[in-house]
file run.cif (mmCIF, N, CA and C atoms)
data_protein
loop_
_atom_site.label_atom_id
_atom_site.label_comp_id
_atom_site.auth_asym_id
_atom_site.auth_seq_id
_atom_site.Cartn_x
_atom_site.Cartn_y
_atom_site.Cartn_z
N MET A 1 9.52 1.72 6.65
CA MET A 1 9.55 1.98 5.23
C MET A 1 9.48 3.49 5.03
N GLU A 2 10.37 3.97 4.21
CA GLU A 2 10.33 5.38 3.85
C GLU A 2 9.37 5.56 2.68
N LEU A 3 8.43 6.47 2.86
CA LEU A 3 7.46 6.77 1.81
C LEU A 3 7.84 8.08 1.14
N LEU A 4 7.74 8.10 -0.17
CA LEU A 4 8.07 9.29 -0.94
C LEU A 4 6.82 9.85 -1.59
N ASN A 5 6.75 11.16 -1.65
CA ASN A 5 5.66 11.83 -2.34
C ASN A 5 6.02 11.90 -3.83
N THR A 6 5.18 11.30 -4.67
CA THR A 6 5.47 11.29 -6.10
C THR A 6 4.64 12.30 -6.88
N SER A 7 3.53 12.76 -6.27
CA SER A 7 2.71 13.76 -6.95
C SER A 7 1.67 14.34 -6.01
N ILE A 8 1.20 15.52 -6.36
CA ILE A 8 0.07 16.15 -5.70
C ILE A 8 -0.82 16.68 -6.83
N SER A 9 -2.10 16.30 -6.79
CA SER A 9 -3.03 16.72 -7.82
C SER A 9 -4.26 17.33 -7.16
N TYR A 10 -4.61 18.52 -7.57
CA TYR A 10 -5.75 19.24 -7.01
C TYR A 10 -6.96 19.10 -7.91
N SER A 11 -8.12 18.84 -7.31
CA SER A 11 -9.39 18.86 -8.03
C SER A 11 -10.08 20.18 -7.69
N ILE A 12 -10.39 20.96 -8.72
CA ILE A 12 -10.98 22.28 -8.53
C ILE A 12 -12.45 22.22 -8.95
N ASP A 13 -13.34 22.75 -8.09
CA ASP A 13 -14.76 22.73 -8.43
C ASP A 13 -15.12 23.92 -9.32
N GLY A 14 -16.39 24.03 -9.67
CA GLY A 14 -16.86 25.07 -10.58
C GLY A 14 -16.73 26.49 -10.06
N THR A 15 -16.51 26.63 -8.75
CA THR A 15 -16.36 27.97 -8.17
C THR A 15 -14.90 28.35 -7.96
N GLY A 16 -13.99 27.47 -8.40
CA GLY A 16 -12.56 27.76 -8.27
C GLY A 16 -11.94 27.30 -6.97
N ASN A 17 -12.70 26.57 -6.15
CA ASN A 17 -12.17 26.08 -4.88
C ASN A 17 -11.67 24.65 -5.02
N THR A 18 -10.66 24.31 -4.26
CA THR A 18 -10.13 22.95 -4.27
C THR A 18 -11.11 22.05 -3.52
N SER A 19 -11.60 21.02 -4.18
CA SER A 19 -12.59 20.12 -3.57
C SER A 19 -11.96 18.83 -3.03
N SER A 20 -10.80 18.45 -3.54
CA SER A 20 -10.07 17.29 -3.03
C SER A 20 -8.64 17.34 -3.59
N VAL A 21 -7.78 16.55 -2.98
CA VAL A 21 -6.39 16.45 -3.42
C VAL A 21 -6.02 14.98 -3.47
N ILE A 22 -5.30 14.60 -4.50
CA ILE A 22 -4.78 13.24 -4.60
C ILE A 22 -3.27 13.32 -4.42
N ALA A 23 -2.76 12.56 -3.43
CA ALA A 23 -1.32 12.51 -3.18
C ALA A 23 -0.79 11.16 -3.66
N GLY A 24 0.24 11.20 -4.49
CA GLY A 24 0.90 9.98 -4.95
C GLY A 24 1.96 9.59 -3.95
N ILE A 25 2.02 8.29 -3.63
CA ILE A 25 2.95 7.77 -2.63
C ILE A 25 3.67 6.56 -3.22
N ARG A 26 4.94 6.44 -2.89
CA ARG A 26 5.70 5.25 -3.26
C ARG A 26 6.62 4.88 -2.12
N GLY A 27 6.71 3.59 -1.84
CA GLY A 27 7.61 3.09 -0.80
C GLY A 27 8.10 1.72 -1.16
N GLU A 28 9.26 1.35 -0.60
CA GLU A 28 9.84 0.05 -0.93
C GLU A 28 10.66 -0.46 0.23
N VAL A 29 10.53 -1.75 0.48
CA VAL A 29 11.43 -2.47 1.36
C VAL A 29 12.19 -3.39 0.41
N GLU A 30 13.46 -3.11 0.22
CA GLU A 30 14.29 -3.79 -0.78
C GLU A 30 14.09 -5.30 -0.77
N GLY A 31 13.62 -5.82 -1.88
CA GLY A 31 13.46 -7.26 -2.03
C GLY A 31 12.25 -7.84 -1.33
N ARG A 32 11.46 -7.03 -0.63
CA ARG A 32 10.32 -7.55 0.13
C ARG A 32 8.98 -7.04 -0.38
N LEU A 33 8.86 -5.71 -0.50
CA LEU A 33 7.60 -5.19 -0.99
C LEU A 33 7.77 -3.81 -1.58
N THR A 34 6.87 -3.52 -2.51
CA THR A 34 6.81 -2.21 -3.17
C THR A 34 5.35 -1.78 -3.13
N ILE A 35 5.16 -0.53 -2.71
CA ILE A 35 3.81 0.00 -2.65
C ILE A 35 3.75 1.30 -3.44
N THR A 36 2.73 1.42 -4.26
CA THR A 36 2.44 2.68 -4.93
C THR A 36 0.97 2.99 -4.64
N ALA A 37 0.69 4.24 -4.39
CA ALA A 37 -0.67 4.60 -4.03
C ALA A 37 -1.00 6.01 -4.47
N ASN A 38 -2.24 6.21 -4.77
CA ASN A 38 -2.81 7.54 -4.96
C ASN A 38 -3.94 7.65 -3.94
N ILE A 39 -3.71 8.46 -2.93
CA ILE A 39 -4.65 8.59 -1.82
C ILE A 39 -5.38 9.92 -1.96
N THR A 40 -6.71 9.85 -1.99
CA THR A 40 -7.52 11.06 -2.10
C THR A 40 -7.80 11.61 -0.71
N ILE A 41 -7.56 12.90 -0.56
CA ILE A 41 -7.83 13.62 0.68
C ILE A 41 -9.07 14.48 0.43
N TYR A 42 -10.03 14.33 1.29
CA TYR A 42 -11.29 15.06 1.17
C TYR A 42 -11.38 16.14 2.25
N PRO A 43 -12.27 17.10 2.10
CA PRO A 43 -12.42 18.14 3.13
C PRO A 43 -12.65 17.56 4.53
N ALA A 44 -13.31 16.44 4.64
CA ALA A 44 -13.55 15.81 5.95
C ALA A 44 -12.26 15.35 6.62
N ASP A 45 -11.18 15.18 5.83
CA ASP A 45 -9.88 14.77 6.38
C ASP A 45 -9.11 15.94 6.97
N LEU A 46 -9.57 17.15 6.72
CA LEU A 46 -8.86 18.35 7.18
C LEU A 46 -9.30 18.76 8.57
N VAL A 47 -8.41 19.44 9.27
CA VAL A 47 -8.75 20.01 10.56
C VAL A 47 -9.80 21.09 10.32
N GLU A 48 -10.78 21.16 11.20
CA GLU A 48 -11.86 22.13 11.05
C GLU A 48 -11.28 23.54 10.94
N GLY A 49 -11.81 24.31 10.00
CA GLY A 49 -11.36 25.68 9.77
C GLY A 49 -10.20 25.78 8.79
N THR A 50 -9.75 24.63 8.28
CA THR A 50 -8.64 24.60 7.32
C THR A 50 -9.19 24.24 5.95
N ASN A 51 -8.59 24.80 4.91
CA ASN A 51 -8.94 24.35 3.57
C ASN A 51 -7.66 23.93 2.85
N PHE A 52 -7.82 23.30 1.71
CA PHE A 52 -6.67 22.76 0.99
C PHE A 52 -5.64 23.82 0.65
N ASP A 53 -6.10 25.02 0.35
CA ASP A 53 -5.17 26.08 -0.05
C ASP A 53 -4.31 26.57 1.11
N ASP A 54 -4.69 26.21 2.34
CA ASP A 54 -3.89 26.58 3.52
C ASP A 54 -2.73 25.63 3.75
N LEU A 55 -2.72 24.48 3.06
CA LEU A 55 -1.77 23.42 3.36
C LEU A 55 -0.65 23.33 2.33
N SER A 56 0.54 23.03 2.83
CA SER A 56 1.71 22.84 1.96
C SER A 56 1.69 21.43 1.37
N LYS A 57 2.56 21.20 0.42
CA LYS A 57 2.72 19.87 -0.16
C LYS A 57 3.08 18.85 0.92
N LYS A 58 3.96 19.23 1.83
CA LYS A 58 4.36 18.32 2.91
C LYS A 58 3.18 17.98 3.83
N GLN A 59 2.35 18.95 4.11
CA GLN A 59 1.20 18.72 4.97
C GLN A 59 0.17 17.80 4.28
N LEU A 60 -0.03 18.01 2.99
CA LEU A 60 -0.94 17.15 2.24
C LEU A 60 -0.41 15.72 2.17
N PHE A 61 0.87 15.58 1.95
CA PHE A 61 1.51 14.26 1.93
C PHE A 61 1.35 13.57 3.29
N ALA A 62 1.52 14.32 4.37
CA ALA A 62 1.36 13.76 5.71
C ALA A 62 -0.07 13.26 5.93
N LEU A 63 -1.05 14.00 5.45
CA LEU A 63 -2.45 13.56 5.56
C LEU A 63 -2.68 12.25 4.78
N ALA A 64 -2.10 12.17 3.60
CA ALA A 64 -2.27 10.96 2.78
C ALA A 64 -1.59 9.76 3.43
N THR A 65 -0.38 9.94 3.94
CA THR A 65 0.32 8.82 4.56
C THR A 65 -0.37 8.38 5.85
N LYS A 66 -1.04 9.29 6.50
CA LYS A 66 -1.81 8.94 7.70
C LYS A 66 -3.00 8.04 7.34
N LYS A 67 -3.59 8.23 6.17
CA LYS A 67 -4.73 7.43 5.72
C LYS A 67 -4.31 6.04 5.22
N LEU A 68 -3.09 5.92 4.74
CA LEU A 68 -2.64 4.68 4.08
C LEU A 68 -2.78 3.43 4.95
N PRO A 69 -2.30 3.39 6.19
CA PRO A 69 -2.40 2.15 6.98
C PRO A 69 -3.84 1.67 7.18
N ASP A 70 -4.79 2.58 7.24
CA ASP A 70 -6.19 2.17 7.41
C ASP A 70 -6.76 1.51 6.16
N LEU A 71 -6.18 1.81 5.00
CA LEU A 71 -6.66 1.23 3.75
C LEU A 71 -6.03 -0.13 3.46
N LEU A 72 -4.82 -0.37 3.96
CA LEU A 72 -4.08 -1.60 3.62
C LEU A 72 -4.80 -2.90 3.97
N PRO A 73 -5.52 -2.99 5.09
CA PRO A 73 -6.23 -4.25 5.36
C PRO A 73 -7.31 -4.60 4.33
N ASN A 74 -7.70 -3.64 3.52
CA ASN A 74 -8.74 -3.88 2.52
C ASN A 74 -8.20 -4.29 1.15
N LEU A 75 -6.90 -4.52 1.06
CA LEU A 75 -6.32 -4.92 -0.22
C LEU A 75 -6.92 -6.23 -0.72
N ALA A 76 -7.13 -6.31 -2.01
CA ALA A 76 -7.57 -7.55 -2.65
C ALA A 76 -6.34 -8.19 -3.30
N TYR A 77 -6.17 -9.48 -3.11
CA TYR A 77 -5.02 -10.18 -3.66
C TYR A 77 -5.43 -10.78 -5.00
N THR A 78 -4.86 -10.25 -6.06
CA THR A 78 -5.31 -10.60 -7.39
C THR A 78 -4.54 -11.77 -8.00
N ASN A 79 -3.32 -12.00 -7.50
CA ASN A 79 -2.50 -13.01 -8.14
C ASN A 79 -1.28 -13.26 -7.27
N TYR A 80 -0.76 -14.47 -7.32
CA TYR A 80 0.57 -14.71 -6.79
C TYR A 80 1.27 -15.70 -7.69
N GLN A 81 2.57 -15.54 -7.77
CA GLN A 81 3.36 -16.28 -8.75
C GLN A 81 4.57 -16.88 -8.05
N PHE A 82 4.77 -18.18 -8.24
CA PHE A 82 5.94 -18.85 -7.67
C PHE A 82 7.15 -18.69 -8.57
N PHE A 83 8.32 -18.60 -7.95
CA PHE A 83 9.58 -18.62 -8.67
C PHE A 83 10.29 -19.91 -8.27
N VAL A 84 10.68 -20.68 -9.27
CA VAL A 84 11.19 -22.03 -9.04
C VAL A 84 12.67 -22.08 -9.41
N GLN A 85 13.43 -22.80 -8.56
CA GLN A 85 14.85 -23.02 -8.83
C GLN A 85 15.11 -24.51 -8.62
N ASN A 86 15.68 -25.18 -9.60
CA ASN A 86 15.92 -26.63 -9.54
C ASN A 86 14.64 -27.39 -9.20
N ASP A 87 13.56 -27.04 -9.87
CA ASP A 87 12.25 -27.68 -9.72
C ASP A 87 11.63 -27.51 -8.33
N THR A 88 12.11 -26.54 -7.55
CA THR A 88 11.57 -26.31 -6.21
C THR A 88 11.20 -24.84 -6.06
N PRO A 89 9.96 -24.55 -5.62
CA PRO A 89 9.59 -23.16 -5.37
C PRO A 89 10.47 -22.55 -4.28
N VAL A 90 11.05 -21.39 -4.55
CA VAL A 90 11.93 -20.74 -3.58
C VAL A 90 11.36 -19.43 -3.06
N ARG A 91 10.47 -18.82 -3.81
CA ARG A 91 9.82 -17.59 -3.37
C ARG A 91 8.58 -17.38 -4.21
N LEU A 92 7.77 -16.43 -3.78
CA LEU A 92 6.61 -16.07 -4.58
C LEU A 92 6.39 -14.57 -4.46
N THR A 93 5.77 -14.03 -5.46
CA THR A 93 5.40 -12.62 -5.44
C THR A 93 3.88 -12.54 -5.46
N ALA A 94 3.35 -11.79 -4.51
CA ALA A 94 1.91 -11.59 -4.41
C ALA A 94 1.58 -10.20 -4.91
N TYR A 95 0.56 -10.11 -5.72
CA TYR A 95 0.13 -8.84 -6.30
C TYR A 95 -1.21 -8.47 -5.67
N SER A 96 -1.29 -7.28 -5.12
CA SER A 96 -2.48 -6.84 -4.41
C SER A 96 -2.85 -5.46 -4.91
N ASN A 97 -4.14 -5.14 -4.80
CA ASN A 97 -4.54 -3.78 -5.16
C ASN A 97 -5.82 -3.41 -4.44
N LEU A 98 -6.12 -2.14 -4.48
CA LEU A 98 -7.32 -1.59 -3.87
C LEU A 98 -7.77 -0.40 -4.67
N SER A 99 -9.03 -0.33 -4.93
CA SER A 99 -9.64 0.85 -5.53
C SER A 99 -10.85 1.15 -4.65
N ASN A 100 -10.72 2.17 -3.81
CA ASN A 100 -11.72 2.41 -2.79
C ASN A 100 -11.87 3.90 -2.51
N ASN A 101 -13.05 4.43 -2.68
CA ASN A 101 -13.33 5.82 -2.31
C ASN A 101 -12.31 6.82 -2.87
N GLY A 102 -11.91 6.62 -4.10
CA GLY A 102 -10.99 7.55 -4.72
C GLY A 102 -9.53 7.29 -4.44
N SER A 103 -9.22 6.25 -3.68
CA SER A 103 -7.83 5.89 -3.40
C SER A 103 -7.49 4.61 -4.13
N TYR A 104 -6.29 4.56 -4.67
CA TYR A 104 -5.83 3.42 -5.45
C TYR A 104 -4.48 2.98 -4.91
N ILE A 105 -4.35 1.71 -4.59
CA ILE A 105 -3.12 1.18 -4.02
C ILE A 105 -2.73 -0.08 -4.78
N THR A 106 -1.45 -0.21 -5.09
CA THR A 106 -0.90 -1.44 -5.64
C THR A 106 0.25 -1.85 -4.74
N LEU A 107 0.25 -3.11 -4.33
CA LEU A 107 1.28 -3.65 -3.44
C LEU A 107 1.80 -4.94 -4.04
N ASN A 108 3.11 -5.02 -4.23
CA ASN A 108 3.77 -6.24 -4.68
C ASN A 108 4.66 -6.72 -3.55
N SER A 109 4.45 -7.96 -3.11
CA SER A 109 5.17 -8.52 -1.98
C SER A 109 5.93 -9.76 -2.41
N THR A 110 7.20 -9.85 -2.04
CA THR A 110 7.99 -11.04 -2.33
C THR A 110 8.19 -11.82 -1.03
N LEU A 111 7.76 -13.06 -1.05
CA LEU A 111 7.78 -13.92 0.13
C LEU A 111 8.66 -15.13 -0.12
N ASP A 112 9.27 -15.65 0.95
CA ASP A 112 10.05 -16.88 0.82
C ASP A 112 9.66 -17.82 1.96
N GLN A 113 10.36 -18.94 2.08
CA GLN A 113 10.00 -19.95 3.08
C GLN A 113 9.94 -19.38 4.49
N SER A 114 10.77 -18.41 4.81
CA SER A 114 10.78 -17.84 6.16
C SER A 114 9.46 -17.16 6.52
N ASP A 115 8.66 -16.82 5.53
CA ASP A 115 7.36 -16.20 5.78
C ASP A 115 6.26 -17.21 6.08
N PHE A 116 6.56 -18.49 5.92
CA PHE A 116 5.58 -19.55 6.13
C PHE A 116 6.16 -20.58 7.09
N THR A 117 5.96 -20.35 8.37
CA THR A 117 6.59 -21.21 9.37
C THR A 117 5.88 -22.55 9.55
N ASN A 118 4.61 -22.65 9.19
CA ASN A 118 3.85 -23.87 9.45
C ASN A 118 3.68 -24.79 8.25
N LYS A 119 4.19 -24.39 7.09
CA LYS A 119 4.06 -25.27 5.93
C LYS A 119 5.10 -24.92 4.88
N ALA A 120 5.33 -25.86 4.01
CA ALA A 120 6.30 -25.67 2.93
C ALA A 120 5.75 -24.65 1.93
N ILE A 121 6.64 -23.85 1.38
CA ILE A 121 6.23 -22.80 0.45
C ILE A 121 5.44 -23.35 -0.74
N GLU A 122 5.77 -24.56 -1.19
CA GLU A 122 5.06 -25.10 -2.36
C GLU A 122 3.62 -25.49 -2.06
N SER A 123 3.24 -25.51 -0.79
CA SER A 123 1.87 -25.89 -0.44
C SER A 123 1.04 -24.73 0.11
N VAL A 124 1.56 -23.50 0.03
CA VAL A 124 0.80 -22.36 0.55
C VAL A 124 -0.35 -22.02 -0.39
N GLY A 125 -1.39 -21.46 0.19
CA GLY A 125 -2.55 -21.04 -0.58
C GLY A 125 -2.84 -19.57 -0.37
N TYR A 126 -3.96 -19.16 -0.88
CA TYR A 126 -4.39 -17.76 -0.87
C TYR A 126 -4.38 -17.17 0.54
N GLU A 127 -4.99 -17.85 1.50
CA GLU A 127 -5.07 -17.34 2.87
C GLU A 127 -3.69 -17.24 3.51
N ASP A 128 -2.80 -18.18 3.20
CA ASP A 128 -1.44 -18.14 3.73
C ASP A 128 -0.70 -16.91 3.22
N VAL A 129 -0.87 -16.63 1.93
CA VAL A 129 -0.23 -15.46 1.32
C VAL A 129 -0.75 -14.18 1.96
N LYS A 130 -2.07 -14.07 2.10
CA LYS A 130 -2.67 -12.89 2.73
C LYS A 130 -2.13 -12.69 4.14
N SER A 131 -2.03 -13.75 4.90
CA SER A 131 -1.54 -13.67 6.28
C SER A 131 -0.08 -13.22 6.33
N ALA A 132 0.74 -13.77 5.45
CA ALA A 132 2.16 -13.41 5.42
C ALA A 132 2.34 -11.94 5.05
N VAL A 133 1.59 -11.46 4.06
CA VAL A 133 1.69 -10.06 3.66
C VAL A 133 1.20 -9.16 4.80
N LYS A 134 0.14 -9.57 5.46
CA LYS A 134 -0.39 -8.80 6.60
C LYS A 134 0.67 -8.66 7.69
N THR A 135 1.42 -9.72 7.94
CA THR A 135 2.49 -9.68 8.94
C THR A 135 3.56 -8.66 8.55
N ILE A 136 3.96 -8.68 7.30
CA ILE A 136 4.98 -7.72 6.83
C ILE A 136 4.46 -6.30 6.96
N LEU A 137 3.21 -6.08 6.54
CA LEU A 137 2.63 -4.73 6.61
C LEU A 137 2.51 -4.25 8.05
N SER A 138 2.19 -5.15 8.97
CA SER A 138 2.08 -4.74 10.38
C SER A 138 3.44 -4.33 10.94
N GLN A 139 4.51 -4.89 10.41
CA GLN A 139 5.86 -4.48 10.83
C GLN A 139 6.23 -3.13 10.23
N GLU A 140 5.82 -2.89 8.99
CA GLU A 140 6.15 -1.64 8.31
C GLU A 140 5.24 -0.48 8.70
N PHE A 141 3.99 -0.79 9.06
CA PHE A 141 3.01 0.22 9.44
C PHE A 141 2.39 -0.17 10.78
N PRO A 142 3.19 -0.11 11.86
CA PRO A 142 2.64 -0.50 13.16
C PRO A 142 1.52 0.43 13.60
N THR A 143 0.53 -0.14 14.24
CA THR A 143 -0.55 0.68 14.77
C THR A 143 -0.21 1.06 16.20
N SER A 144 -0.50 2.27 16.54
CA SER A 144 -0.20 2.72 17.89
C SER A 144 -1.24 3.70 18.36
#
call {"tool": "encode", "arguments": {"input": "run.cif", "output": "structure tokens"}}
result
Amino acid sequence: MELLNTSISYSIDGTGNTSSVIAGIRGEVEGRLTITANITIYPADLVEGTNFDDLSKKQLFALATKKLPDLLPNLAYTNYQFFVQNDTPVRLTAYSNLSNNGSYITLNSTLDQSDFTNKAIESVGYEDVKSAVKTILSQEFPTS
């Protein structure tokens, strides 16, 4: 998945120093999932001896995208909705989000029968949806 930087926002403390940066991220796998995120980068995320003012927009974006995969397993699934054709469920969209330590993520995933190999799509439940989305995310954000 290609991730795009949608914004960079600096938080300035009372002494005029940058205390944190929020990087906006957006990515999409056509027809499968859309992710939007605002990831907060803190001084602890920086290499020792570096401050925010030393880093370019690209470097800040790289730090934010590096944090994103670690946050994804903590998504909360708030809703899923079936889409029906001829009285039969054909796909569903799962809505997920996270608000954690200054980072905010929204993930919308579209799943179909191919995502549920052990049961019919009309009988899937919450845990099945979570597992299917986790599989897609592990393909898009492999750990290495």
call {"tool": "atom_distance", "arguments": {"input": "run.cif", "atom1": "CA of Val129 in chain A", "atom2": "atom N of Gly102 in chain A"}}
result
25.6 Å
call {"tool": "resolve_selection", "arguments": {"input": "run.cif", "expression": "the PyMOL selection byres ((chain A and resi 96) around 7)", "output": "list of chain:residue names"}}
result
A:Leu75, A:Ala76, A:Tyr77, A:Thr78, A:Asn79, A:Ala94, A:Tyr95, A:Asn97, A:Leu98, A:Ile105, A:Thr106, A:Leu107, A:Asn108, A:Ser109
call {"tool": "write_last_selection", "arguments": {"input": "run.cif", "atoms": "N, CA and C atoms", "output": "compact mmCIF listing (two decimals), keeping the file's coordinate frame"}}
result
# COMPACT_ATOMS: atom_id res chain seq x y z
N LEU A 75 -6.90 -4.52 1.06
CA LEU A 75 -6.32 -4.92 -0.22
C LEU A 75 -6.92 -6.23 -0.72
N ALA A 76 -7.13 -6.31 -2.01
CA ALA A 76 -7.57 -7.55 -2.65
C ALA A 76 -6.34 -8.19 -3.30
N TYR A 77 -6.17 -9.48 -3.11
CA TYR A 77 -5.02 -10.18 -3.66
C TYR A 77 -5.43 -10.78 -5.00
N THR A 78 -4.86 -10.25 -6.06
CA THR A 78 -5.31 -10.60 -7.39
C THR A 78 -4.54 -11.77 -8.00
N ASN A 79 -3.32 -12.00 -7.50
CA ASN A 79 -2.50 -13.01 -8.14
C ASN A 79 -1.28 -13.26 -7.27
N ALA A 94 3.35 -11.79 -4.51
CA ALA A 94 1.91 -11.59 -4.41
C ALA A 94 1.58 -10.20 -4.91
N TYR A 95 0.56 -10.11 -5.72
CA TYR A 95 0.13 -8.84 -6.30
C TYR A 95 -1.21 -8.47 -5.67
N ASN A 97 -4.14 -5.14 -4.80
CA ASN A 97 -4.54 -3.78 -5.16
C ASN A 97 -5.82 -3.41 -4.44
N LEU A 98 -6.12 -2.14 -4.48
CA LEU A 98 -7.32 -1.59 -3.87
C LEU A 98 -7.77 -0.40 -4.67
N ILE A 105 -4.35 1.71 -4.59
CA ILE A 105 -3.12 1.18 -4.02
C ILE A 105 -2.73 -0.08 -4.78
N THR A 106 -1.45 -0.21 -5.09
CA THR A 106 -0.90 -1.44 -5.64
C THR A 106 0.25 -1.85 -4.74
N LEU A 107 0.25 -3.11 -4.33
CA LEU A 107 1.28 -3.65 -3.44
C LEU A 107 1.80 -4.94 -4.04
N ASN A 108 3.11 -5.02 -4.23
CA ASN A 108 3.77 -6.24 -4.68
C ASN A 108 4.66 -6.72 -3.55
N SER A 109 4.45 -7.96 -3.11
CA SER A 109 5.17 -8.52 -1.98
C SER A 109 5.93 -9.76 -2.41
call {"tool": "closest_atom_pairs", "arguments": {"input": "run.cif", "of": "range 7-26 of chain A", "to": "range 33-53 of chain A", "cutoff": "8 Å", "atoms": "only C-alpha atoms", "output": "Markdown table"}}
result
| residue | atom | partner | partner_atom | distance |
| --- | --- | --- | --- | --- |
| A:Thr18 | CA | A:Phe52 | CA | 6.3 |
| A:Ser19 | CA | A:Pro43 | CA | 7.0 |
| A:Ser20 | CA | A:Tyr42 | CA | 4.9 |
| A:Val21 | CA | A:Ile41 | CA | 5.2 |
| A:Ile22 | CA | A:Thr40 | CA | 4.3 |
| A:Ala23 | CA | A:Ile39 | CA | 5.3 |
| A:Gly24 | CA | A:Asn38 | CA | 4.4 |
| A:Ile25 | CA | A:Ala37 | CA | 5.0 |
| A:Arg26 | CA | A:Thr36 | CA | 4.5 |
call {"tool": "residues_near_point", "arguments": {"input": "run.cif", "point": "(3.8, -15.8, -3.2)", "cutoff": "6.5 Å", "atoms": "only N, CA and C atoms", "output": "PDB file with N, CA and C atoms, keeping the file's coordinate frame"}}
result
ATOM      1  N   TYR A  80      -0.760 -14.470  -7.320  1.00  0.00           N
ATOM      2  CA  TYR A  80       0.570 -14.710  -6.790  1.00  0.00           C
ATOM      3  C   TYR A  80       1.270 -15.700  -7.690  1.00  0.00           C
ATOM      4  N   GLN A  81       2.570 -15.540  -7.770  1.00  0.00           N
ATOM      5  CA  GLN A  81       3.360 -16.280  -8.750  1.00  0.00           C
ATOM      6  C   GLN A  81       4.570 -16.880  -8.050  1.00  0.00           C
ATOM      7  N   PHE A  82       4.770 -18.180  -8.240  1.00  0.00           N
ATOM      8  CA  PHE A  82       5.940 -18.850  -7.670  1.00  0.00           C
ATOM      9  C   PHE A  82       7.150 -18.690  -8.570  1.00  0.00           C
ATOM     10  N   ARG A  91      10.470 -18.820  -3.810  1.00  0.00           N
ATOM     11  CA  ARG A  91       9.820 -17.590  -3.370  1.00  0.00           C
ATOM     12  C   ARG A  91       8.580 -17.380  -4.210  1.00  0.00           C
ATOM     13  N   LEU A  92       7.770 -16.430  -3.780  1.00  0.00           N
ATOM     14  CA  LEU A  92       6.610 -16.070  -4.580  1.00  0.00           C
ATOM     15  C   LEU A  92       6.390 -14.570  -4.460  1.00  0.00           C
ATOM     16  N   THR A  93       5.770 -14.030  -5.460  1.00  0.00           N
ATOM     17  CA  THR A  93       5.400 -12.620  -5.440  1.00  0.00           C
ATOM     18  C   THR A  93       3.880 -12.540  -5.460  1.00  0.00           C
ATOM     19  N   ALA A  94       3.350 -11.790  -4.510  1.00  0.00           N
ATOM     20  CA  ALA A  94       1.910 -11.590  -4.410  1.00  0.00           C
ATOM     21  C   ALA A  94       1.580 -10.200  -4.910  1.00  0.00           C
ATOM     22  N   SER A 109       4.450  -7.960  -3.110  1.00  0.00           N
ATOM     23  CA  SER A 109       5.170  -8.520  -1.980  1.00  0.00           C
ATOM     24  C   SER A 109       5.930  -9.760  -2.410  1.00  0.00           C
ATOM     25  N   THR A 110       7.200  -9.850  -2.040  1.00  0.00           N
ATOM     26  CA  THR A 110       7.990 -11.040  -2.330  1.00  0.00           C
ATOM     27  C   THR A 110       8.190 -11.820  -1.030  1.00  0.00           C
ATOM     28  N   LEU A 111       7.760 -13.060  -1.050  1.00  0.00           N
ATOM     29  CA  LEU A 111       7.780 -13.920   0.130  1.00  0.00           C
ATOM     30  C   LEU A 111       8.660 -15.130  -0.120  1.00  0.00           C
ATOM     31  N   VAL A 129      -0.870 -16.630   1.930  1.00  0.00           N
ATOM     32  CA  VAL A 129      -0.230 -15.460   1.320  1.00  0.00           C
ATOM     33  C   VAL A 129      -0.750 -14.180   1.960  1.00  0.00           C
TER      34      VAL A 129
END
call {"tool": "atom_distance", "arguments": {"input": "run.cif", "atom1": "atom N of Asp112 in chain A", "atom2": "atom C of Glu140 in chain A"}}
result
17.5 Å
call {"tool": "select_by_dssp", "arguments": {"input": "run.cif", "residues": "range 4-108 of chain A", "states": "helix (DSSP H, G or I)", "output": "list of chain:residue names"}}
result
A:Pro43, A:Ala44, A:Asp45, A:Phe52, A:Asp53, A:Asp54, A:Lys57, A:Lys58, A:Gln59, A:Leu60, A:Phe61, A:Ala62, A:Leu63, A:Ala64, A:Thr65, A:Lys66, A:Lys67, A:Leu68, A:Pro69, A:Asp70, A:Leu71, A:Leu72, A:Pro73, A:Asn74
call {"tool": "atom_distance", "arguments": {"input": "run.cif", "atom1": "atom C of Thr65 in chain A", "atom2": "CA of Leu4 in chain A"}}
result
10.9 Å
call {"tool": "closest_residue", "arguments": {"input": "run.cif", "among": "A:Met1, A:Val124, A:Ile136, A:Ile8", "to": "Pro89 in chain A", "atoms": "only C-alpha atoms"}}
result
A:Val124
call {"tool": "residues_around", "arguments": {"input": "run.cif", "residues": "Ala132 in chain A", "least_positions_apart": "6", "cutoff": "8 Å", "atoms": "only N, CA and C atoms", "output": "list of chain:residue names"}}
result
A:Leu111, A:Asp115, A:Phe116, A:Tyr126, A:Ser138
call {"tool": "write_last_selection", "arguments": {"input": "run.cif", "atoms": "N, CA and C atoms", "output": "PDB file, in the frame of the given file"}}
result
ATOM      1  N   LEU A 111       7.760 -13.060  -1.050  1.00  0.00           N
ATOM      2  CA  LEU A 111       7.780 -13.920   0.130  1.00  0.00           C
ATOM      3  C   LEU A 111       8.660 -15.130  -0.120  1.00  0.00           C
ATOM      4  N   ASP A 115       8.660 -16.820   5.530  1.00  0.00           N
ATOM      5  CA  ASP A 115       7.360 -16.200   5.780  1.00  0.00           C
ATOM      6  C   ASP A 115       6.260 -17.210   6.080  1.00  0.00           C
ATOM      7  N   PHE A 116       6.560 -18.490   5.920  1.00  0.00           N
ATOM      8  CA  PHE A 116       5.580 -19.550   6.130  1.00  0.00           C
ATOM      9  C   PHE A 116       6.160 -20.580   7.090  1.00  0.00           C
ATOM     10  N   TYR A 126      -3.960 -19.160  -0.880  1.00  0.00           N
ATOM     11  CA  TYR A 126      -4.390 -17.760  -0.870  1.00  0.00           C
ATOM     12  C   TYR A 126      -4.380 -17.170   0.540  1.00  0.00           C
ATOM     13  N   SER A 138       2.190  -5.150   8.970  1.00  0.00           N
ATOM     14  CA  SER A 138       2.080  -4.740  10.380  1.00  0.00           C
ATOM     15  C   SER A 138       3.440  -4.330  10.940  1.00  0.00           C
TER      16      SER A 138
END
call {"tool": "closest_residue", "arguments": {"input": "run.cif", "among": "A:Ser114, A:Asn86, A:Asn100, A:Ser56", "to": "Leu72 in chain A", "atoms": "only C-alpha atoms"}}
result
A:Asn100
